[in-house]
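Raw contents of structure-v8.pdb, PDB, C-alpha atoms:
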```pdb
ATOM      1  CA  MET A   1      64.246  45.462  83.436
ATOM      2  CA  ASN A   2      67.050  44.777  80.947
ATOM      3  CA  GLU A   3      66.065  47.932  79.068
ATOM      4  CA  ILE A   4      66.525  49.998  82.218
ATOM      5  CA  LEU A   5      69.927  48.469  82.910
ATOM      6  CA  LEU A   6      71.202  48.949  79.369
ATOM      7  CA  LEU A   7      69.891  52.488  78.938
ATOM      8  CA  TYR A   8      71.271  53.496  82.332
ATOM      9  CA  LEU A   9      74.706  52.107  81.509
ATOM     10  CA  LEU A  10      74.669  53.788  78.090
ATOM     11  CA  LEU A  11      74.002  57.115  79.808
ATOM     12  CA  LYS A  12      77.412  56.653  81.405
ATOM     13  CA  GLY A  13      79.055  56.213  77.982
ATOM     14  CA  LYS A  14      78.942  54.269  74.740
ATOM     15  CA  ASN A  15      79.899  50.606  74.874
ATOM     16  CA  THR A  16      79.839  47.282  73.065
ATOM     17  CA  MET A  17      77.333  44.502  73.700
ATOM     18  CA  TYR A  18      80.014  42.490  75.474
ATOM     19  CA  GLY A  19      81.039  45.513  77.527
ATOM     20  CA  LEU A  20      77.441  46.212  78.518
ATOM     21  CA  SER A  21      76.937  42.593  79.525
ATOM     22  CA  LYS A  22      80.031  42.763  81.726
ATOM     23  CA  LEU A  23      78.933  46.081  83.276
ATOM     24  CA  CYS A  24      75.463  44.666  84.020
ATOM     25  CA  THR A  25      77.089  41.834  85.947
ATOM     26  CA  LYS A  26      79.604  44.126  87.653
ATOM     27  CA  TYR A  27      77.161  46.798  88.828
ATOM     28  CA  PHE A  28      73.862  44.907  89.079
ATOM     29  CA  GLY A  29      74.956  41.262  89.453
ATOM     30  CA  PHE A  30      74.062  41.227  93.138
ATOM     31  CA  ILE A  31      70.431  41.869  92.091
ATOM     32  CA  ILE A  32      70.069  40.420  88.604
ATOM     33  CA  LYS A  33      72.407  38.942  85.995
ATOM     34  CA  PRO A  34      71.024  39.292  82.490
ATOM     35  CA  SER A  35      72.625  36.670  80.293
ATOM     36  CA  TYR A  36      74.678  37.680  77.289
ATOM     37  CA  GLY A  37      71.893  36.109  75.221
ATOM     38  CA  ALA A  38      69.330  38.452  76.810
ATOM     39  CA  VAL A  39      71.397  41.584  76.163
ATOM     40  CA  GLN A  40      71.475  41.191  72.371
ATOM     41  CA  PRO A  41      67.684  41.107  71.803
ATOM     42  CA  ALA A  42      67.213  43.968  74.266
ATOM     43  CA  LEU A  43      69.738  46.067  72.336
ATOM     44  CA  LYS A  44      68.061  45.220  69.015
ATOM     45  CA  LYS A  45      64.667  46.244  70.416
ATOM     46  CA  LEU A  46      66.078  49.495  71.805
ATOM     47  CA  GLU A  47      67.761  50.289  68.492
ATOM     48  CA  LYS A  48      64.609  49.461  66.505
ATOM     49  CA  ASN A  49      62.682  51.924  68.696
ATOM     50  CA  LYS A  50      65.429  54.534  68.192
ATOM     51  CA  TYR A  51      66.340  54.673  71.888
ATOM     52  CA  ILE A  52      69.934  53.789  71.047
ATOM     53  CA  THR A  53      72.169  53.962  67.986
ATOM     54  CA  SER A  54      75.074  51.767  66.958
ATOM     55  CA  GLU A  55      78.340  52.376  65.130
ATOM     56  CA  LYS A  56      79.974  49.472  63.325
ATOM     57  CA  PHE A  57      83.729  48.960  63.581
ATOM     58  CA  ILE A  58      85.985  46.277  62.143
ATOM     59  CA  THR A  59      88.861  44.823  64.158
ATOM     60  CA  GLU A  60      92.289  44.313  62.599
ATOM     61  CA  GLY A  61      91.314  40.683  62.194
ATOM     62  CA  GLY A  62      88.233  41.667  60.200
ATOM     63  CA  LYS A  63      85.679  40.913  62.888
ATOM     64  CA  PRO A  64      82.816  43.419  63.129
ATOM     65  CA  TYR A  65      81.662  44.866  66.424
ATOM     66  CA  PHE A  66      79.292  47.647  67.413
ATOM     67  CA  TYR A  67      79.447  50.522  69.840
ATOM     68  CA  TYR A  68      76.055  51.499  71.212
ATOM     69  CA  SER A  69      75.063  54.906  72.526
ATOM     70  CA  ILE A  70      71.845  56.310  73.942
ATOM     71  CA  THR A  71      69.704  58.855  72.072
ATOM     72  CA  GLU A  72      67.697  61.735  73.508
ATOM     73  CA  ASP A  73      64.559  59.613  73.057
ATOM     74  CA  GLY A  74      66.349  56.819  74.911
ATOM     75  CA  THR A  75      66.956  59.093  77.889
ATOM     76  CA  LYS A  76      63.272  60.054  77.931
ATOM     77  CA  HIS A  77      62.275  56.387  77.623
ATOM     78  CA  LEU A  78      64.558  55.461  80.519
ATOM     79  CA  LYS A  79      62.878  58.039  82.750
ATOM     80  CA  GLU A  80      59.449  56.748  81.683
ATOM     81  CA  LYS A  81      60.484  53.168  82.452
ATOM     82  CA  LEU A  82      61.816  54.162  85.867
ATOM     83  CA  LEU A  83      58.543  55.911  86.735
ATOM     84  CA  SER A  84      56.221  53.232  85.320
ATOM     85  CA  LYS A  85      54.191  50.811  87.407
ATOM     86  CA  LEU A  86      55.998  47.701  88.575
ATOM     87  CA  HIS A  87      55.151  44.067  87.884
ATOM     88  CA  ALA A  88      52.469  42.647  90.155
ATOM     89  CA  SER A  89      54.581  39.566  90.845
ATOM     90  CA  PRO A  90      56.762  40.005  93.954
ATOM     91  CA  VAL A  91      59.419  37.792  92.369
ATOM     92  CA  GLN A  92      59.830  40.242  89.486
ATOM     93  CA  MET A  93      59.040  43.379  91.437
ATOM     94  CA  TYR A  94      61.635  43.185  94.189
ATOM     95  CA  PRO A  95      64.726  43.206  91.931
ATOM     96  CA  SER A  96      63.096  45.919  89.824
ATOM     97  CA  VAL A  97      62.666  48.089  92.920
ATOM     98  CA  LYS A  98      66.368  47.802  93.716
ATOM     99  CA  VAL A  99      67.434  48.537  90.137
ATOM    100  CA  ARG A 100      65.146  51.573  89.973
ATOM    101  CA  ILE A 101      66.521  52.933  93.232
ATOM    102  CA  ILE A 102      70.080  52.605  91.949
ATOM    103  CA  CYS A 103      69.187  54.265  88.626
ATOM    104  CA  SER A 104      67.197  57.064  90.276
ATOM    105  CA  ASP A 105      70.218  59.359  90.232
ATOM    106  CA  ILE A 106      69.297  60.361  86.649
ATOM    107  CA  LEU A 107      65.963  61.792  87.836
ATOM    108  CA  ASN A 108      65.411  65.294  89.168
ATOM    109  CA  ALA A 109      64.223  65.731  92.777
ATOM    110  CA  GLU A 110      60.516  65.843  91.846
ATOM    111  CA  GLU A 111      60.815  62.692  89.704
ATOM    112  CA  GLN A 112      62.699  60.927  92.500
ATOM    113  CA  LYS A 113      59.889  61.746  94.944
ATOM    114  CA  GLU A 114      57.390  60.330  92.429
ATOM    115  CA  LEU A 115      59.468  57.171  92.013
ATOM    116  CA  PHE A 116      59.927  56.620  95.740
ATOM    117  CA  THR A 117      56.200  57.078  96.377
ATOM    118  CA  LEU A 118      55.382  54.563  93.641
ATOM    119  CA  LEU A 119      57.872  52.014  94.958
ATOM    120  CA  LYS A 120      56.834  52.429  98.573
ATOM    121  CA  THR A 121      53.119  52.112  97.763
ATOM    122  CA  GLN A 122      53.586  48.869  95.882
ATOM    123  CA  LEU A 123      55.970  47.409  98.460
ATOM    124  CA  LEU A 124      53.565  48.233 101.287
ATOM    125  CA  LYS A 125      50.814  46.265  99.529
ATOM    126  CA  ILE A 126      52.993  43.189  99.184
ATOM    127  CA  GLN A 127      54.326  43.529 102.714
ATOM    128  CA  GLN A 128      50.753  43.673 104.034
ATOM    129  CA  THR A 129      49.788  40.560 102.068
ATOM    130  CA  ALA A 130      52.834  38.701 103.393
ATOM    131  CA  ASN A 131      52.099  39.903 106.922
ATOM    132  CA  ASN A 132      48.469  38.744 106.655
ATOM    133  CA  THR A 133      49.641  35.334 105.491
ATOM    134  CA  LEU A 134      52.125  35.189 108.346
ATOM    135  CA  THR A 135      49.403  35.847 110.924
ATOM    136  CA  SER A 136      46.954  33.377 109.362
ATOM    137  CA  ASP A 137      46.670  29.747 110.440
ATOM    138  CA  ILE A 138      47.988  28.307 107.190
ATOM    139  CA  TYR A 139      51.585  27.878 108.390
ATOM    140  CA  ASN A 140      50.967  27.056 112.065
ATOM    141  CA  ASP A 141      52.568  23.626 111.698
ATOM    142  CA  ASN A 142      55.349  24.675 109.360
ATOM    143  CA  TYR A 143      58.103  26.464 111.277
ATOM    144  CA  LYS A 144      60.357  26.787 108.220
ATOM    145  CA  ALA A 145      57.637  28.397 106.107
ATOM    146  CA  LYS A 146      56.884  30.864 108.916
ATOM    147  CA  MET A 147      60.580  31.779 109.171
ATOM    148  CA  VAL A 148      60.881  32.327 105.416
ATOM    149  CA  LEU A 149      57.748  34.458 105.365
ATOM    150  CA  ASP A 150      58.873  36.420 108.421
ATOM    151  CA  ASN A 151      62.204  37.088 106.712
ATOM    152  CA  THR A 152      60.329  38.285 103.603
ATOM    153  CA  VAL A 153      58.263  40.713 105.681
ATOM    154  CA  CYS A 154      61.501  42.035 107.245
ATOM    155  CA  GLU A 155      63.126  42.477 103.806
ATOM    156  CA  TYR A 156      60.177  44.524 102.600
ATOM    157  CA  LYS A 157      60.176  46.578 105.796
ATOM    158  CA  ASN A 158      63.903  47.314 105.431
ATOM    159  CA  THR A 159      63.486  48.331 101.786
ATOM    160  CA  ILE A 160      60.523  50.574 102.642
ATOM    161  CA  ASP A 161      62.589  52.175 105.442
ATOM    162  CA  MET A 162      65.427  52.787 102.982
ATOM    163  CA  ILE A 163      63.043  54.383 100.473
ATOM    164  CA  GLU A 164      61.663  56.635 103.228
ATOM    165  CA  ARG A 165      65.212  57.801 104.001
ATOM    166  CA  PHE A 166      65.668  58.636 100.308
ATOM    167  CA  GLU A 167      62.355  60.512 100.354
ATOM    168  CA  ASN A 168      63.483  62.504 103.380
ATOM    169  CA  ALA A 169      66.749  63.337 101.637
ATOM    170  CA  CYS A 170      64.769  64.642  98.630
ATOM    171  CA  ASN A 171      62.736  66.899 100.928
ATOM    172  CA  ARG A 172      65.814  68.675 102.311
TER     173      ARG A 172
END
```
Final structure tokens representation of the file:
Amino acid sequence: MNEILLLYLLLKGKNTMYGLSKLCTKYFGFIIKPSYGAVQPALKKLEKNKYITSEKFITEGGKPYFYYSITEDGTKHLKEKLLSKLHASPVQMYPSVKVRIICSDILNAEEQKELFTLLKTQLLKIQQTANNTLTSDIYNDNYKAKMVLDNTVCEYKNTIDMIERFENACNR
């Protein structure tokens, strides 16, 4: 997911590693906060794969820093990442869904429809599993567990409803 965040932010303009880390927190911190230590290896991987380039500058004090910018291949890779299958784990998937929705503005209408269908399909599967667990006997004696699970089902339902509104907007 860090690749998506970084590539998306670099589409908005070139930036330093520190600047990108700050922007990730500012614009995506309510969903995920990649540490400064996670940004550096992600940038190195993206640069190695030629999805981004860097320009080295030296401060007046002699300290080097780099400005990163996205390449044409990086833009294509970002679109591929946005439209790729999500993690099977609900813990990893749910933040990824939110990030992909936010970043979907770089996709054309047809690609957005594809993304929303993908997200909705996978969320419906997890919602159904959670709903089945909720209606099973496993948590009959555990009120707190039932409440947490019920809240989870509601979160998925709300996100699916939101995605359906985006789909409807694409169809206009």
Would you mind listing what lies within 8 Å of Phe66 (chain A) as a list in words, with all atoms listed in the file counted and same-chain residues fewer than 5 positions away left out?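 Returned residues: Thr16, Met17, Ser54, Glu55, Lys56 and Phe57 of chain A.
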Tell me which residues the PyMOL selection byres ((chain A and resi 68) around 10) grabs here, as a count of residues only. 22
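For Asn168 (chain A), the non-local neighbours within 12 Å, defined as residues at least 3 positions apart in the same chain or in other chains and counting only C-alpha atoms, are Ala109, Gln112, Lys113, Phe116, Thr117, Asp161, Met162, Ile163, Glu164, Arg165, Asn171 and Arg172 of chain A.
With CA of Glu110 (chain A) on one side and CA of Leu5 (chain A) on the other, the separation reads 21.7 Å.
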Could you state the separation of CA of Gly19 (chain A) and CA of Lys63 (chain A) in Å, given to one decimal place?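 Straight-line distance from CA of Gly19 (chain A) to CA of Lys63 (chain A) works out to 16.0 Å.
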Would you compute the box with edges along x, y and z of the file around region 62-65 of chain A, including every atom the file lists for it and 4 Å extra on each side, and give its centre and edge lengths in Å to one decimal, as AutoDock Vina command-line options?
```
--center_x 84.9 --center_y 42.9 --center_z 63.3 --size_x 14.6 --size_y 12.0 --size_z 14.2
```
Under the rule that only C-alpha atoms are counted, which of A:Thr135, A:Gly74, A:Gly61, A:Pro90 is the nearest residue to Asp150 (chain A)?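 The answer is A:Thr135, which sits nearest to Asp150 (chain A).
Nearest to Val39 (chain A) of all the residues A:Leu11, A:Ala169, A:Cys24, A:Leu115 is A:Cys24, counting all atoms listed in the file.
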Starting from the displayed file, determine the output of the PyMOL selection byres ((chain A and resi 26-32) around 9) and express the residue list as a PyMOL selection string. chain A and resi 5+21-25+33-34+95-96+98-99
Selected residues written out, C-alpha atoms, as a compact mmCIF listing (two decimals), in the coordinates of the input:
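Writing the result to part.txt gives the following:
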```
# COMPACT_ATOMS: atom_id res chain seq x y z
CA LEU A 5 69.93 48.47 82.91
CA SER A 21 76.94 42.59 79.53
CA LYS A 22 80.03 42.76 81.73
CA LEU A 23 78.93 46.08 83.28
CA CYS A 24 75.46 44.67 84.02
CA THR A 25 77.09 41.83 85.95
CA LYS A 33 72.41 38.94 86.00
CA PRO A 34 71.02 39.29 82.49
CA PRO A 95 64.73 43.21 91.93
CA SER A 96 63.10 45.92 89.82
CA LYS A 98 66.37 47.80 93.72
CA VAL A 99 67.43 48.54 90.14
```
Env of Leu83 (chain A): 8 Å cut, atoms = only C-alpha atoms, seq-sep filter 5 positions within chain, self excluded. Answer as a count of residues only. 4
Nearest to Glu72 (chain A): which of A:Thr129, A:Thr59, A:Tyr51, A:Ser89 is it, counting all atoms listed in the file?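 Closest candidate: A:Tyr51.
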Point-to-point distance from CA of Pro41 (chain A) to CA of Lys81 (chain A), Å rounded to tenths: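 Pair CA of Pro41 (chain A) / CA of Lys81 (chain A) returns 17.6 Å.
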Quick one: residues within 12 Å of Asn132 (chain A), only C-alpha atoms, excluding same-chain residues fewer than 6 positions away - as a list in words?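 Here the qualifying residues turn out to be Lys125, Ile126, Ile138, Tyr139, Lys146, Leu149, Asp150 and Val153 of chain A.
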